[in-house]
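Dropping start03.tsv in here (TSV, C-alpha atoms):
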chain	number	residue	atom	x	y	z
G	1	MET	CA	0.00	0.00	0.00
G	2	PRO	CA	1.44	3.43	-0.93
G	3	TRP	CA	2.74	5.42	2.05
G	4	LEU	CA	0.50	8.43	1.35
G	5	LEU	CA	-2.62	6.26	1.24
G	6	LYS	CA	-1.58	4.44	4.40
G	7	MET	CA	-1.11	7.70	6.30
G	8	THR	CA	-4.41	9.10	4.97
G	9	LEU	CA	-6.26	5.97	6.13
G	10	PHE	CA	-4.58	6.21	9.53
G	11	ALA	CA	-5.76	9.82	9.87
G	12	ALA	CA	-9.24	8.78	8.70
G	13	THR	CA	-9.40	6.09	11.39
G	14	ILE	CA	-8.51	8.56	14.14
G	15	LYS	CA	-11.05	11.02	12.77
G	16	ALA	CA	-13.76	8.31	12.63
G	17	VAL	CA	-13.42	7.68	16.38
G	18	VAL	CA	-13.87	11.38	17.11
G	19	ASP	CA	-16.72	11.69	14.60
G	20	LEU	CA	-18.72	8.87	16.19
G	21	TYR	CA	-18.84	10.88	19.39
G	22	LEU	CA	-19.49	14.22	17.65
G	23	GLY	CA	-22.15	12.75	15.38
G	24	TRP	CA	-23.98	11.21	18.32
G	25	ARG	CA	-23.99	14.53	20.18
G	26	LEU	CA	-25.05	16.56	17.14
G	27	ILE	CA	-27.87	14.18	16.16
G	28	ARG	CA	-29.25	14.22	19.71
G	29	ALA	CA	-29.06	18.03	19.82
G	30	VAL	CA	-30.84	18.37	16.46
G	31	ASP	CA	-33.53	15.87	17.47
G	32	TYR	CA	-34.10	17.67	20.76
G	33	LEU	CA	-34.67	21.03	19.08
G	34	ASN	CA	-36.67	19.53	16.21
G	35	PRO	CA	-38.56	16.51	17.64
G	36	ALA	CA	-41.26	16.46	14.94
G	37	PRO	CA	-41.93	12.97	13.50
G	38	GLY	CA	-40.44	12.42	10.06
G	39	SER	CA	-37.62	14.91	10.54
G	40	TYR	CA	-34.56	14.12	8.43
G	41	MET	CA	-32.17	16.55	10.11
G	42	GLY	CA	-30.30	13.75	11.85
G	43	TRP	CA	-29.58	12.10	8.48
G	44	VAL	CA	-28.34	15.43	7.13
G	45	VAL	CA	-25.74	15.48	9.93
G	46	VAL	CA	-24.69	11.91	9.09
G	47	LEU	CA	-24.33	12.67	5.37
G	48	CYS	CA	-22.27	15.79	6.11
G	49	PHE	CA	-19.82	13.77	8.18
G	50	LEU	CA	-19.66	11.00	5.58
G	51	GLY	CA	-18.77	13.58	2.94
G	52	PHE	CA	-15.46	14.18	4.70
G	53	TYR	CA	-14.45	10.57	3.98
G	54	LEU	CA	-14.91	10.57	0.20
G	55	PHE	CA	-11.18	10.98	-0.42
G	56	PRO	CA	-9.82	8.09	1.73
G	57	LEU	CA	-12.72	5.80	0.79
G	58	HIS	CA	-12.18	6.38	-2.92
G	59	GLY	CA	-8.44	5.86	-2.58
G	60	LEU	CA	-8.93	2.61	-0.66
G	61	THR	CA	-11.47	1.34	-3.21
G	62	ARG	CA	-9.09	2.02	-6.10
G	63	TYR	CA	-6.27	0.27	-4.27
G	64	LEU	CA	-8.38	-2.84	-3.50
G	65	LEU	CA	-9.53	-3.03	-7.12
G	66	GLY	CA	-5.93	-2.91	-8.30
G	67	GLY	CA	-6.14	0.57	-9.77
G	68	ASN	CA	-3.50	3.27	-9.77
G	69	VAL	CA	-3.57	5.11	-6.45
G	70	GLY	CA	-1.83	8.39	-7.20
G	71	ILE	CA	-3.12	10.43	-4.29
G	72	LEU	CA	-1.32	13.54	-5.48
G	73	THR	CA	-3.31	13.39	-8.72
G	74	TYR	CA	-6.70	13.61	-6.97
G	75	SER	CA	-8.77	16.75	-7.39
G	76	LYS	CA	-7.90	19.44	-4.86
G	77	PRO	CA	-11.46	19.93	-3.49
G	78	LEU	CA	-11.70	16.24	-2.56
G	79	ILE	CA	-8.41	16.33	-0.63
G	80	TYR	CA	-9.18	19.70	0.95
G	81	LEU	CA	-12.56	18.43	2.19
G	82	PHE	CA	-11.01	15.52	4.08
G	83	TRP	CA	-8.26	17.51	5.78
G	84	PHE	CA	-10.62	20.38	6.54
G	85	GLY	CA	-12.92	17.83	8.19
G	86	PHE	CA	-9.98	16.38	10.12
G	87	ALA	CA	-9.06	19.77	11.62
G	88	PHE	CA	-12.72	20.69	12.22
G	89	SER	CA	-13.51	17.49	14.14
G	90	PHE	CA	-10.72	18.00	16.66
G	91	GLN	CA	-11.43	21.72	16.91
G	92	VAL	CA	-15.10	21.19	17.80
G	93	LEU	CA	-14.39	18.15	20.02
G	94	ILE	CA	-12.86	20.33	22.74
G	95	TRP	CA	-15.89	22.60	22.98
G	96	ILE	CA	-18.49	19.85	22.97
G	97	VAL	CA	-16.62	17.90	25.65
G	98	GLY	CA	-16.47	21.15	27.61
G	99	ALA	CA	-20.25	21.53	27.27
G	100	ASP	CA	-20.65	17.91	28.42
G	101	ILE	CA	-18.58	18.57	31.53
G	102	LEU	CA	-20.59	21.69	32.39
G	103	LYS	CA	-23.83	19.76	31.98
G	104	ILE	CA	-22.59	16.93	34.22
G	105	LEU	CA	-21.57	19.44	36.89
G	106	ALA	CA	-24.95	21.15	36.66
G	107	ASN	CA	-26.77	17.82	37.03
G	108	ALA	CA	-24.54	16.92	40.00
G	109	ASN	CA	-25.67	20.11	41.69
G	110	GLY	CA	-29.35	19.31	41.23
G	111	ILE	CA	-29.93	21.36	38.08
G	112	ASN	CA	-31.79	19.13	35.66
G	113	ALA	CA	-34.39	21.27	33.92
G	114	PRO	CA	-35.63	21.26	30.30
G	115	GLN	CA	-34.06	24.69	29.92
G	116	LEU	CA	-30.64	23.15	30.63
G	117	ASP	CA	-31.13	20.50	27.94
G	118	GLN	CA	-32.27	23.18	25.50
G	119	LEU	CA	-29.23	25.36	26.30
G	120	TYR	CA	-26.94	22.35	25.85
G	121	ALA	CA	-28.45	21.56	22.44
G	122	TYR	CA	-28.02	25.17	21.30
G	123	LEU	CA	-24.39	25.16	22.51
G	124	VAL	CA	-23.56	21.95	20.61
G	125	ILE	CA	-25.06	23.23	17.36
G	126	GLY	CA	-23.69	26.76	17.87
G	127	PHE	CA	-20.15	25.55	18.54
G	128	SER	CA	-20.31	23.34	15.46
G	129	VAL	CA	-21.44	26.14	13.13
G	130	ILE	CA	-19.01	28.74	14.49
G	131	LEU	CA	-16.04	26.35	14.42
G	132	LEU	CA	-16.93	25.17	10.93
G	133	LEU	CA	-16.48	28.74	9.73
G	134	TYR	CA	-13.43	29.36	11.92
G	135	THR	CA	-11.63	26.21	10.77
G	136	GLY	CA	-12.21	27.07	7.12
G	137	TYR	CA	-10.86	30.59	7.56
G	138	LYS	CA	-7.84	29.53	9.62
G	139	MET	CA	-6.88	26.70	7.26
G	140	TYR	CA	-7.09	29.07	4.30
G	141	SER	CA	-5.01	31.69	6.12
G	142	ASP	CA	-2.37	29.28	7.50
G	143	THR	CA	-1.92	27.66	4.09
G	144	LEU	CA	-1.30	30.88	2.17
G	145	ARG	CA	0.42	33.32	4.52
G	146	ILE	CA	4.18	33.33	5.12
G	147	GLU	CA	5.45	34.22	8.57
G	148	THR	CA	8.88	35.61	9.36
G	149	GLU	CA	10.18	34.56	12.76
G	150	THR	CA	13.08	36.60	14.11
G	151	ILE	CA	15.43	34.91	16.53
G	152	THR	CA	18.27	36.57	18.42
G	153	HIS	CA	20.95	34.07	19.40
G	154	SER	CA	23.56	35.07	21.97
G	155	VAL	CA	26.98	33.47	21.54
G	156	GLU	CA	29.76	33.50	24.11
G	157	GLY	CA	32.85	35.29	22.80
G	158	LEU	CA	31.32	36.18	19.44
G	159	PRO	CA	33.77	38.27	17.35
G	160	GLY	CA	32.61	41.80	16.58
G	161	ASP	CA	32.53	41.11	12.84
G	162	LEU	CA	29.80	38.52	13.45
G	163	GLY	CA	27.68	40.83	15.58
G	164	ASN	CA	24.24	41.36	13.95
G	165	PHE	CA	25.14	38.75	11.30
G	166	LYS	CA	21.87	37.41	9.83
G	167	ILE	CA	21.33	33.75	8.95
G	168	ALA	CA	18.10	33.09	7.02
G	169	HIS	CA	16.96	29.49	7.37
G	170	ILE	CA	14.39	28.03	4.97
G	171	THR	CA	13.48	24.47	4.06
G	172	ASP	CA	11.04	22.08	2.39
G	173	ILE	CA	10.15	24.14	-0.66
G	174	GLN	CA	8.35	21.02	-1.97
G	175	ALA	CA	7.72	22.45	-5.45
G	176	ASP	CA	4.89	20.50	-7.12
G	177	ARG	CA	1.40	21.02	-8.54
G	178	TYR	CA	0.29	22.60	-5.26
G	179	THR	CA	3.37	24.73	-4.61
G	180	GLY	CA	3.95	26.30	-8.01
G	181	GLN	CA	6.17	29.10	-9.25
G	182	ASN	CA	3.93	31.85	-7.91
G	183	GLN	CA	4.15	30.55	-4.33
G	184	VAL	CA	7.88	29.80	-4.54
G	185	SER	CA	8.58	33.23	-6.02
G	186	LYS	CA	6.68	34.99	-3.20
G	187	TYR	CA	8.66	32.95	-0.68
G	188	VAL	CA	11.98	33.97	-2.23
G	189	ASP	CA	10.90	37.62	-2.34
G	190	LYS	CA	10.08	37.41	1.36
G	191	VAL	CA	13.52	35.95	2.07
G	192	ASN	CA	15.22	38.78	0.19
G	193	GLU	CA	13.21	41.35	2.15
G	194	GLN	CA	15.03	40.19	5.30
G	195	ASN	CA	18.43	41.24	3.87
G	196	PRO	CA	20.18	38.10	5.15
G	197	ASP	CA	23.96	37.74	5.15
G	198	ILE	CA	23.73	34.02	4.39
G	199	VAL	CA	20.86	31.66	3.52
G	200	VAL	CA	20.70	27.97	4.44
G	201	ILE	CA	18.15	25.62	2.81
G	202	THR	CA	17.77	22.34	4.69
G	203	GLY	CA	16.45	20.12	1.92
G	204	ASP	CA	13.40	18.99	-0.06
G	205	LEU	CA	13.46	21.29	-3.06
G	206	ILE	CA	10.66	19.28	-4.71
G	207	SER	CA	7.95	16.81	-3.69
G	208	TYR	CA	8.37	14.08	-6.31
G	209	GLY	CA	9.77	13.48	-9.79
G	210	THR	CA	11.80	16.06	-11.68
G	211	ASP	CA	9.13	18.19	-13.39
G	212	TYR	CA	9.53	21.10	-10.97
G	213	VAL	CA	13.28	20.90	-10.35
G	214	GLU	CA	14.37	23.55	-12.85
G	215	MET	CA	11.69	26.04	-11.81
G	216	ALA	CA	12.48	25.65	-8.11
G	217	ALA	CA	16.25	25.82	-8.68
G	218	GLU	CA	15.87	28.96	-10.78
G	219	GLU	CA	13.82	30.61	-8.03
G	220	MET	CA	16.38	29.63	-5.37
G	221	GLY	CA	19.00	31.25	-7.59
G	222	ARG	CA	17.21	34.60	-7.09
G	223	ILE	CA	18.03	34.60	-3.39
G	224	GLU	CA	20.31	37.50	-2.51
G	225	ALA	CA	22.86	36.94	0.26
G	226	PRO	CA	26.41	38.38	0.21
G	227	TYR	CA	27.93	35.26	1.80
G	228	GLY	CA	26.01	32.82	-0.38
G	229	THR	CA	23.11	30.35	-0.36
G	230	TYR	CA	23.74	26.77	0.77
G	231	PHE	CA	21.69	23.58	0.42
G	232	VAL	CA	21.66	20.14	2.04
G	233	VAL	CA	19.80	17.17	0.55
G	234	GLY	CA	16.37	16.16	1.89
G	235	ASP	CA	14.26	13.00	1.66
G	236	HIS	CA	12.36	13.96	-1.49
G	237	ASP	CA	15.55	15.16	-3.18
G	238	TYR	CA	17.16	11.81	-2.41
G	239	TRP	CA	14.19	9.84	-3.78
G	240	ALA	CA	14.07	11.94	-6.96
G	241	GLY	CA	17.80	11.38	-7.52
G	242	ALA	CA	19.97	13.75	-5.49
G	243	GLU	CA	22.21	14.45	-8.50
G	244	ASN	CA	19.20	15.87	-10.40
G	245	ILE	CA	18.53	18.33	-7.61
G	246	THR	CA	22.07	19.31	-6.71
G	247	GLY	CA	23.09	19.67	-10.37
G	248	ALA	CA	20.25	22.10	-11.09
G	249	LEU	CA	20.95	24.11	-7.96
G	250	ARG	CA	24.66	24.41	-8.73
G	251	GLU	CA	23.81	25.79	-12.17
G	252	HIS	CA	21.92	28.60	-10.43
G	253	GLY	CA	24.69	29.47	-8.01
G	254	ILE	CA	23.57	27.47	-4.96
G	255	LYS	CA	26.38	25.78	-3.01
G	256	ILE	CA	25.76	22.15	-2.00
G	257	LEU	CA	27.01	20.65	1.26
G	258	GLU	CA	27.00	16.84	1.22
G	259	ALA	CA	29.04	15.77	4.25
G	260	GLU	CA	31.32	18.77	3.82
G	261	ASN	CA	32.05	22.24	5.14
G	262	ALA	CA	31.99	25.79	3.89
G	263	ASN	CA	34.57	27.92	5.70
G	264	ILE	CA	33.43	31.52	5.33
G	265	GLN	CA	35.52	34.57	6.16
G	266	VAL	CA	33.46	37.41	7.64
G	267	GLY	CA	35.88	40.28	8.19
G	268	SER	CA	38.45	38.87	10.55
G	269	ALA	CA	36.07	36.16	11.84
G	270	LYS	CA	35.68	32.61	10.55
G	271	LEU	CA	32.28	30.94	10.20
G	272	ARG	CA	32.08	27.22	9.52
G	273	LEU	CA	28.87	25.91	7.95
G	274	SER	CA	28.70	22.10	7.96
G	275	GLY	CA	26.19	20.09	5.93
G	276	LEU	CA	25.10	16.48	6.36
G	277	THR	CA	22.72	14.30	4.36
G	278	ASN	CA	20.47	12.74	7.01
G	279	VAL	CA	17.25	11.30	5.54
G	280	TYR	CA	15.06	8.21	5.88
G	281	SER	CA	16.93	6.36	3.14
G	282	ARG	CA	20.38	7.39	4.30
G	283	GLU	CA	21.06	8.16	7.94
G	284	ALA	CA	24.37	9.94	8.43
G	285	PRO	CA	26.78	7.49	10.12
G	286	VAL	CA	28.69	8.63	13.20
G	287	HIS	CA	32.08	8.42	11.49
G	288	GLU	CA	30.83	10.77	8.75
G	289	ILE	CA	29.45	13.22	11.30
G	290	ARG	CA	32.76	13.27	13.17
G	291	ASN	CA	34.77	13.64	9.98
G	292	VAL	CA	32.76	16.73	8.97
G	293	MET	CA	33.29	18.25	12.40
G	294	LYS	CA	37.04	17.64	12.37
G	295	ASP	CA	39.11	20.77	13.05
G	296	SER	CA	35.93	22.77	13.78
G	297	THR	CA	37.69	24.60	16.61
G	298	ILE	CA	39.50	26.80	14.08
G	299	ALA	CA	36.20	28.61	13.46
G	300	ASP	CA	34.75	31.43	15.55
G	301	LEU	CA	31.17	30.25	14.88
G	302	ARG	CA	29.98	26.76	13.93
G	303	VAL	CA	26.64	26.03	12.24
G	304	MET	CA	25.36	22.55	11.37
G	305	ALA	CA	22.71	22.06	8.65
G	306	THR	CA	20.83	18.82	8.01
G	307	HIS	CA	17.38	17.83	6.81
G	308	GLN	CA	16.38	15.61	9.73
G	309	VAL	CA	17.46	16.05	13.32
G	310	SER	CA	18.96	12.95	14.91
G	311	ARG	CA	20.25	12.29	18.39
G	312	SER	CA	23.73	11.47	17.10
G	313	ILE	CA	23.99	14.75	15.17
G	314	ILE	CA	22.80	16.72	18.20
G	315	GLU	CA	25.25	15.01	20.57
G	316	GLU	CA	28.23	15.30	18.25
G	317	SER	CA	27.42	18.93	17.40
G	318	LYS	CA	27.13	19.83	21.05
G	319	GLU	CA	30.41	18.08	21.88
G	320	LYS	CA	32.21	19.96	19.11
G	321	LYS	CA	30.84	23.30	20.37
G	322	TYR	CA	28.51	24.03	17.46
G	323	GLU	CA	26.43	27.07	18.33
G	324	ILE	CA	23.53	26.45	15.90
G	325	LEU	CA	21.88	23.39	14.34
G	326	LEU	CA	19.41	23.95	11.48
G	327	ALA	CA	16.87	21.37	10.27
G	328	GLY	CA	13.52	20.99	8.52
G	329	HIS	CA	11.57	17.89	7.40
G	330	THR	CA	8.56	18.18	9.74
G	331	HIS	CA	6.83	21.19	8.08
G	332	GLY	CA	6.24	22.39	11.62
G	333	GLY	CA	3.65	19.62	11.91
G	334	GLN	CA	1.79	21.07	8.90
G	335	ILE	CA	-1.61	20.16	10.36
G	336	ARG	CA	-1.48	20.70	14.11
G	337	VAL	CA	-4.87	19.99	15.63
G	338	PRO	CA	-5.86	20.99	19.16
G	339	LEU	CA	-6.35	18.35	21.81
G	340	PHE	CA	-7.52	20.10	24.97
G	341	PHE	CA	-4.44	21.84	26.43
G	342	THR	CA	-2.01	20.93	23.68
G	343	GLN	CA	-1.71	20.34	19.94
G	344	PHE	CA	-0.57	17.28	18.06
G	345	SER	CA	0.51	16.41	14.54
G	346	ALA	CA	1.92	13.40	12.69
G	347	PRO	CA	5.60	14.38	13.23
G	348	ASP	CA	5.03	14.37	17.01
G	349	PHE	CA	5.02	10.57	16.80
G	350	GLU	CA	8.46	10.66	15.16
G	351	THR	CA	10.47	13.36	16.95
G	352	ARG	CA	10.25	15.96	19.68
G	353	TYR	CA	11.90	18.50	17.36
G	354	VAL	CA	8.83	19.49	15.34
G	355	HIS	CA	8.82	23.27	15.02
G	356	GLY	CA	10.49	26.35	16.38
G	357	GLN	CA	13.47	26.73	18.67
G	358	TYR	CA	14.99	24.24	21.08
G	359	TYR	CA	18.12	24.52	23.18
G	360	ASP	CA	20.55	21.80	24.15
G	361	GLY	CA	22.90	23.59	26.49
G	362	ASP	CA	23.96	26.74	24.63
G	363	MET	CA	23.29	25.23	21.19
G	364	LEU	CA	20.24	26.54	19.35
G	365	ILE	CA	18.29	23.92	17.37
G	366	ASN	CA	16.00	25.63	14.86
G	367	VAL	CA	13.38	23.58	13.00
G	368	ASN	CA	11.81	25.62	10.21
G	369	ASN	CA	8.24	25.04	8.95
G	370	GLY	CA	9.22	25.35	5.28
G	371	LEU	CA	6.87	26.29	2.46
G	372	GLY	CA	5.32	23.23	0.81
G	373	PHE	CA	3.34	20.15	1.72
G	374	THR	CA	3.49	16.42	2.36
G	375	LEU	CA	0.40	14.20	2.48
G	376	SER	CA	-2.08	17.09	2.29
G	377	PRO	CA	-2.01	20.41	0.38
G	378	VAL	CA	-3.10	22.47	3.41
G	379	ARG	CA	-1.70	23.75	6.69
G	380	TYR	CA	-3.31	24.33	10.06
G	381	ASN	CA	-1.58	25.99	13.03
G	382	ALA	CA	1.73	25.62	11.15
G	383	PRO	CA	1.96	28.31	8.44
G	384	PRO	CA	4.97	28.51	6.10
G	385	ASN	CA	7.76	30.52	7.64
G	386	ILE	CA	11.23	31.97	7.25
G	387	SER	CA	13.60	31.90	10.22
G	388	VAL	CA	15.97	34.84	10.56
G	389	ILE	CA	18.64	34.26	13.20
G	390	THR	CA	20.56	37.36	14.24
G	391	LEU	CA	23.79	36.82	16.17
G	392	GLU	CA	24.88	38.83	19.18
G	393	GLY	CA	27.63	38.50	21.74
G	394	LYS	CA	26.76	37.11	25.14
Would you mind writing the structure in this file as structure tokens?
Amino acid sequence: MPWLLKMTLFAATIKAVVDLYLGWRLIRAVDYLNPAPGSYMGWVVVLCFLGFYLFPLHGLTRYLLGGNVGILTYSKPLIYLFWFGFAFSFQVLIWIVGADILKILANANGINAPQLDQLYAYLVIGFSVILLLYTGYKMYSDTLRIETETITHSVEGLPGDLGNFKIAHITDIQADRYTGQNQVSKYVDKVNEQNPDIVVITGDLISYGTDYVEMAAEEMGRIEAPYGTYFVVGDHDYWAGAENITGALREHGIKILEAENANIQVGSAKLRLSGLTNVYSREAPVHEIRNVMKDSTIADLRVMATHQVSRSIIEESKEKKYEILLAGHTHGGQIRVPLFFTQFSAPDFETRYVHGQYYDGDMLINVNNGLGFTLSPVRYNAPPNISVITLEGK
């Protein structure tokens, strides 16, 4: 079974459990407010929920019948509907459970009047309608907007020539039929607006195949940074043939770091940027990590770039006094749905380094959200972003 279909079915199974509870509550609320015999409002609720499952059900049917299951070739509305429903179900779950708790507490205190049941029914339906609109708006906004996060990183003994030095970190461009030239171009323009000194791209130029390689490489070539733009290979680059990606990027002036270093002179200061290929299909071995970090003490600032964070890379980087570790891969969770007092996403089952900034001692670990998509062409609570790290002396 294709990985994308498997993950979609897994998400659909989780959603189905939530929807059984939500459907039961909504049908009871509708029936309470409209108890007339022959009412079909309950069936309308059921059909609305079933509509969210058209995408995974159709994909599963095609797979079982031996057909071609190219999920990325499905119509956008069908895919959007499922993932919108996924986010909506978890969003409304919190509020309906909250209404349930309030009703239980009221009953425990002797309040058990028809007015309470009527209020509860209105709350359930009201929450559902309001959150249906809210989820649609937020998913649309989070998918299209690009955030710039500014990070100030203090470094012990930082040379004056590296004070206020700007490192722009981007990742996971994922150029494909969903993330076309218009979106990639806007992203690059936004990067250039930050006036970075150096730009680091931590992998996944494209999503699949080679159709979008040249376009994406050409757009990356428009990035303006006086100390250069650097790239490390990601999972999708590796699967599409890393040489196809790196060759196109080199033609457009992008420097590639595959288990190697770039030693950059900034005034009288030395910056070492190390790059490792660490992906599902090729985990960077310890001896390779150590070899790249050899003689790193000659630099005044050490930065490690890799697509996926791994414990071995973190430990070795920390031991060799690297001040910054840059990574991508997770898309910031891409679809982060609320679950009471927290949020969860698929990458949370894989790593604790999902989005934002983490510190291991004095070393900053920055995981950028990237631009494009995996599995679904939408984002929720994880908009595309650009990380701008400004250095200062401690």
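Between Arg25 of chain G and the candidates G:Asn109, G:Val124, G:Asn381, G:Ile94, the tightest atom-to-atom separation, counting only C-alpha atoms, involves G:Val124.
In terms of minimum interatomic distance to Val18 of chain G, G:Ala87 ranks closest within G:Thr210, G:His169, G:Ala87, G:Glu156, counting only C-alpha atoms.
Computed from the coordinates, the atom CA of Ala29 of chain G to atom CA of Gln91 of chain G distance equals 18.2 Å.
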For this session: Could you tell me which of G:Arg290, G:Arg379, G:Arg302, G:Lys138 comes closest to Ile264 of chain G if we count all atoms listed in the file?
Result: G:Arg302
Exercise. What lies within 9 Å of Ala382 of chain G using all atoms listed in the file, ignoring chain neighbours under 3 positions off, as a PyMOL selection string?
Worked result: chain G and resi 142-143+331-336+355+369+379+385
Now that the selection is made, can you save its residues with C-alpha atoms as a PDB file, keeping the file's coordinate frame?
ATOM      1  CA  ASP G 142      -2.370  29.280   7.500  1.00  0.00           C
ATOM      2  CA  THR G 143      -1.920  27.660   4.090  1.00  0.00           C
ATOM      3  CA  HIS G 331       6.830  21.190   8.080  1.00  0.00           C
ATOM      4  CA  GLY G 332       6.240  22.390  11.620  1.00  0.00           C
ATOM      5  CA  GLY G 333       3.650  19.620  11.910  1.00  0.00           C
ATOM      6  CA  GLN G 334       1.790  21.070   8.900  1.00  0.00           C
ATOM      7  CA  ILE G 335      -1.610  20.160  10.360  1.00  0.00           C
ATOM      8  CA  ARG G 336      -1.480  20.700  14.110  1.00  0.00           C
ATOM      9  CA  HIS G 355       8.820  23.270  15.020  1.00  0.00           C
ATOM     10  CA  ASN G 369       8.240  25.040   8.950  1.00  0.00           C
ATOM     11  CA  ARG G 379      -1.700  23.750   6.690  1.00  0.00           C
ATOM     12  CA  ASN G 385       7.760  30.520   7.640  1.00  0.00           C
TER      13      ASN G 385
END
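Of the listed residues G:His287, G:Pro114, G:Leu249, G:Phe10, the one whose atoms come nearest to Phe231 of chain G is G:Leu249, with distances taken using all atoms listed in the file.
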Problem set entry | Shell of 10 Å around Pro226 of chain G, all atoms listed in the file, local chain residues under 3 positions omitted, as an MDAnalysis selection string | chainID G and resid 195:199 223 229
Could you pull the residues within 12 Å of Phe349 of chain G, counting only C-alpha atoms, minus those fewer than 4 positions along the same chain, as a PDB file with C-alpha atoms, in the frame of the given file?
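The result, written out as around-v4.pdb:
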ATOM      1  CA  THR G 330       8.560  18.180   9.740  1.00  0.00           C
ATOM      2  CA  GLY G 333       3.650  19.620  11.910  1.00  0.00           C
ATOM      3  CA  PHE G 344      -0.570  17.280  18.060  1.00  0.00           C
ATOM      4  CA  SER G 345       0.510  16.410  14.540  1.00  0.00           C
ATOM      5  CA  TYR G 353      11.900  18.500  17.360  1.00  0.00           C
ATOM      6  CA  VAL G 354       8.830  19.490  15.340  1.00  0.00           C
TER       7      VAL G 354
END
List the spatial neighbours of Val232 of chain G as a short mmCIF file (atom, residue, chain, number, x, y, z; two decimals) with C-alpha atoms, in the coordinates of the input - criterion: any atom at most 7 Å away, only C-alpha atoms, same-chain residues fewer than 5 positions off excluded.
data_model
loop_
_atom_site.label_atom_id
_atom_site.label_comp_id
_atom_site.auth_asym_id
_atom_site.auth_seq_id
_atom_site.Cartn_x
_atom_site.Cartn_y
_atom_site.Cartn_z
CA ILE G 201 18.15 25.62 2.81
CA THR G 202 17.77 22.34 4.69
CA GLY G 203 16.45 20.12 1.92
CA ILE G 256 25.76 22.15 -2.00
CA LEU G 257 27.01 20.65 1.26
CA GLU G 258 27.00 16.84 1.22
CA GLY G 275 26.19 20.09 5.93
CA LEU G 276 25.10 16.48 6.36
CA THR G 277 22.72 14.30 4.36
CA ALA G 305 22.71 22.06 8.65
CA THR G 306 20.83 18.82 8.01
CA HIS G 307 17.38 17.83 6.81
#
Problem set entry | Protein and nucleic acid residues near (28.3, 25.3, 12.8) (cut-off 10 Å, only C-alpha atoms) as a ChimeraX atom specification | /G:261-263,271-275,293,296,299-305,317-318,320-326,363
